[in-house]
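Below is one structure, written out as structure tokens; the observations come after it.
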Amino acid sequence: MNDLPSGYWCECWTQNLDGDQQPALHASFDAYSATHADRWIAVALRTISPALDATASEQAWQWLYEGRIETRRALLRAEPCSVAVDQAGTRITWTVRPVIFLPLAHRQNVELPACAYDFKPHATD
């Protein structure tokens, strides 16, 4: 039996803190190392930090300078982690959790299997 690859499933969510809005998924990413996973968050935080208000920017840079090493240590212990910043009534949260990646049936390199094109989305009521 082949060994299944382990890694980390990373997501970025936002939620309006002023109302009853459900969190919205904005991005997901498959990382194959703890370094790769925390780098994904670090790049996102560095990218958006100039647009954040002072408090949110401080949250971002605090994690980049002090919290990042603890996140990496937790990931190496196979513990899920999250990083959040609050900006103008919106919480942006990055989550990372350890996973085992299951191969997609009949997948060849980057080519999707033929069955992937059989799915036809339909409108909900």
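By order of appearance in the structure tokens: chains A, B, ..., then residues from 1 within every chain, and ligands from 1 in the order shown.
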Surrounding residues of stretch 50-62 of chain A excluding itself and chain neighbours under 6 positions, 12 Å, only C-alpha atoms, as a PyMOL selection string: chain A and resi 41-44+68-70+83-94
Alpha helix (DSSP H) residues, from DSSP on the backbone, in stretch 27-120 of chain A, as number ranges by chain: A: 34-48, 54-62, 68-76
Write out the residues from the selection above, keeping N, CA, C and O atoms, as a compact mmCIF listing (two decimals), in the first residue's frame.
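Contents of again_20.txt, freshly written:
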# COMPACT_ATOMS: atom_id res chain seq x y z
N ALA A 34 5.07 22.50 7.26
CA ALA A 34 4.70 23.55 8.20
C ALA A 34 5.25 24.89 7.73
O ALA A 34 4.59 25.93 7.84
N THR A 35 6.44 24.88 7.17
CA THR A 35 7.06 26.10 6.65
C THR A 35 6.21 26.71 5.54
O THR A 35 5.97 27.92 5.51
N HIS A 36 5.77 25.87 4.64
CA HIS A 36 4.94 26.31 3.51
C HIS A 36 3.61 26.89 4.02
O HIS A 36 3.14 27.91 3.52
N ALA A 37 3.02 26.25 5.02
CA ALA A 37 1.74 26.70 5.56
C ALA A 37 1.86 28.06 6.24
O ALA A 37 1.07 28.98 5.97
N ASP A 38 2.84 28.22 7.13
CA ASP A 38 2.93 29.51 7.82
C ASP A 38 3.43 30.60 6.89
O ASP A 38 3.11 31.77 7.06
N ARG A 39 4.18 30.23 5.86
CA ARG A 39 4.60 31.23 4.86
C ARG A 39 3.40 31.78 4.10
O ARG A 39 3.35 32.97 3.77
N TRP A 40 2.40 30.93 3.84
CA TRP A 40 1.19 31.38 3.14
C TRP A 40 0.51 32.50 3.93
O TRP A 40 0.10 33.51 3.39
N ILE A 41 0.41 32.31 5.25
CA ILE A 41 -0.19 33.33 6.10
C ILE A 41 0.69 34.58 6.13
O ILE A 41 0.20 35.70 6.01
N ALA A 42 1.99 34.39 6.29
CA ALA A 42 2.91 35.52 6.38
C ALA A 42 2.86 36.38 5.12
O ALA A 42 2.83 37.62 5.21
N VAL A 43 2.83 35.77 3.96
CA VAL A 43 2.76 36.53 2.71
C VAL A 43 1.46 37.32 2.65
O VAL A 43 1.45 38.50 2.27
N ALA A 44 0.36 36.69 3.04
CA ALA A 44 -0.93 37.39 3.02
C ALA A 44 -0.91 38.58 3.98
O ALA A 44 -1.35 39.68 3.62
N LEU A 45 -0.41 38.39 5.18
CA LEU A 45 -0.38 39.48 6.16
C LEU A 45 0.53 40.62 5.71
O LEU A 45 0.17 41.80 5.84
N ARG A 46 1.68 40.29 5.17
CA ARG A 46 2.58 41.35 4.68
C ARG A 46 1.96 42.10 3.51
O ARG A 46 2.16 43.30 3.36
N THR A 47 1.20 41.38 2.68
CA THR A 47 0.59 41.99 1.51
C THR A 47 -0.50 42.98 1.90
O THR A 47 -0.59 44.07 1.34
N ILE A 48 -1.34 42.60 2.88
CA ILE A 48 -2.47 43.47 3.23
C ILE A 48 -2.15 44.48 4.31
O ILE A 48 -2.89 45.44 4.50
N ALA A 54 -4.45 50.94 12.14
CA ALA A 54 -3.32 50.79 13.05
C ALA A 54 -3.44 49.56 13.95
O ALA A 54 -2.47 48.82 14.16
N THR A 55 -4.63 49.31 14.47
CA THR A 55 -4.83 48.17 15.38
C THR A 55 -4.66 46.84 14.65
O THR A 55 -3.97 45.94 15.12
N ALA A 56 -5.28 46.72 13.49
CA ALA A 56 -5.17 45.49 12.71
C ALA A 56 -3.73 45.27 12.23
O ALA A 56 -3.23 44.14 12.23
N SER A 57 -3.07 46.34 11.84
CA SER A 57 -1.68 46.24 11.41
C SER A 57 -0.81 45.76 12.57
O SER A 57 0.08 44.92 12.39
N GLU A 58 -1.06 46.28 13.76
CA GLU A 58 -0.32 45.83 14.94
C GLU A 58 -0.56 44.34 15.20
O GLU A 58 0.37 43.61 15.52
N GLN A 59 -1.82 43.87 15.06
CA GLN A 59 -2.11 42.44 15.22
C GLN A 59 -1.30 41.62 14.21
O GLN A 59 -0.73 40.58 14.55
N ALA A 60 -1.29 42.08 12.97
CA ALA A 60 -0.58 41.35 11.91
C ALA A 60 0.91 41.28 12.21
O ALA A 60 1.52 40.20 12.15
N TRP A 61 1.51 42.42 12.51
CA TRP A 61 2.96 42.42 12.73
C TRP A 61 3.35 41.74 14.04
O TRP A 61 4.45 41.17 14.13
N GLN A 62 2.47 41.74 15.01
CA GLN A 62 2.76 41.01 16.24
C GLN A 62 2.88 39.52 15.93
O GLN A 62 3.79 38.85 16.42
N ARG A 68 4.55 33.85 14.95
CA ARG A 68 4.78 32.92 13.84
C ARG A 68 5.54 31.68 14.28
O ARG A 68 5.23 30.56 13.87
N ILE A 69 6.55 31.83 15.12
CA ILE A 69 7.33 30.69 15.56
C ILE A 69 6.48 29.72 16.36
O ILE A 69 6.60 28.50 16.23
N GLU A 70 5.56 30.26 17.18
CA GLU A 70 4.66 29.38 17.95
C GLU A 70 3.70 28.65 17.01
O GLU A 70 3.37 27.48 17.24
N THR A 71 3.25 29.32 15.97
CA THR A 71 2.38 28.67 14.99
C THR A 71 3.13 27.52 14.33
O THR A 71 2.60 26.41 14.22
N ARG A 72 4.36 27.76 13.91
CA ARG A 72 5.13 26.70 13.26
C ARG A 72 5.37 25.53 14.21
O ARG A 72 5.25 24.37 13.82
N ARG A 73 5.69 25.81 15.45
CA ARG A 73 5.91 24.73 16.43
C ARG A 73 4.64 23.90 16.61
O ARG A 73 4.69 22.68 16.69
N ALA A 74 3.50 24.58 16.69
CA ALA A 74 2.22 23.86 16.84
C ALA A 74 1.95 22.99 15.62
O ALA A 74 1.52 21.85 15.74
N LEU A 75 2.22 23.53 14.43
CA LEU A 75 2.00 22.74 13.21
C LEU A 75 2.91 21.52 13.18
O LEU A 75 2.48 20.43 12.77
N LEU A 76 4.13 21.67 13.61
CA LEU A 76 5.05 20.53 13.65
C LEU A 76 4.60 19.47 14.66
O LEU A 76 4.94 18.30 14.52
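The two atoms in question, atom CA of A:Gln15 and atom CA of A:Val99, are spaced 24.4 Å apart.
One finds atom CA of A:Ser49 at 24.2 Å from atom CA of A:Gln22.
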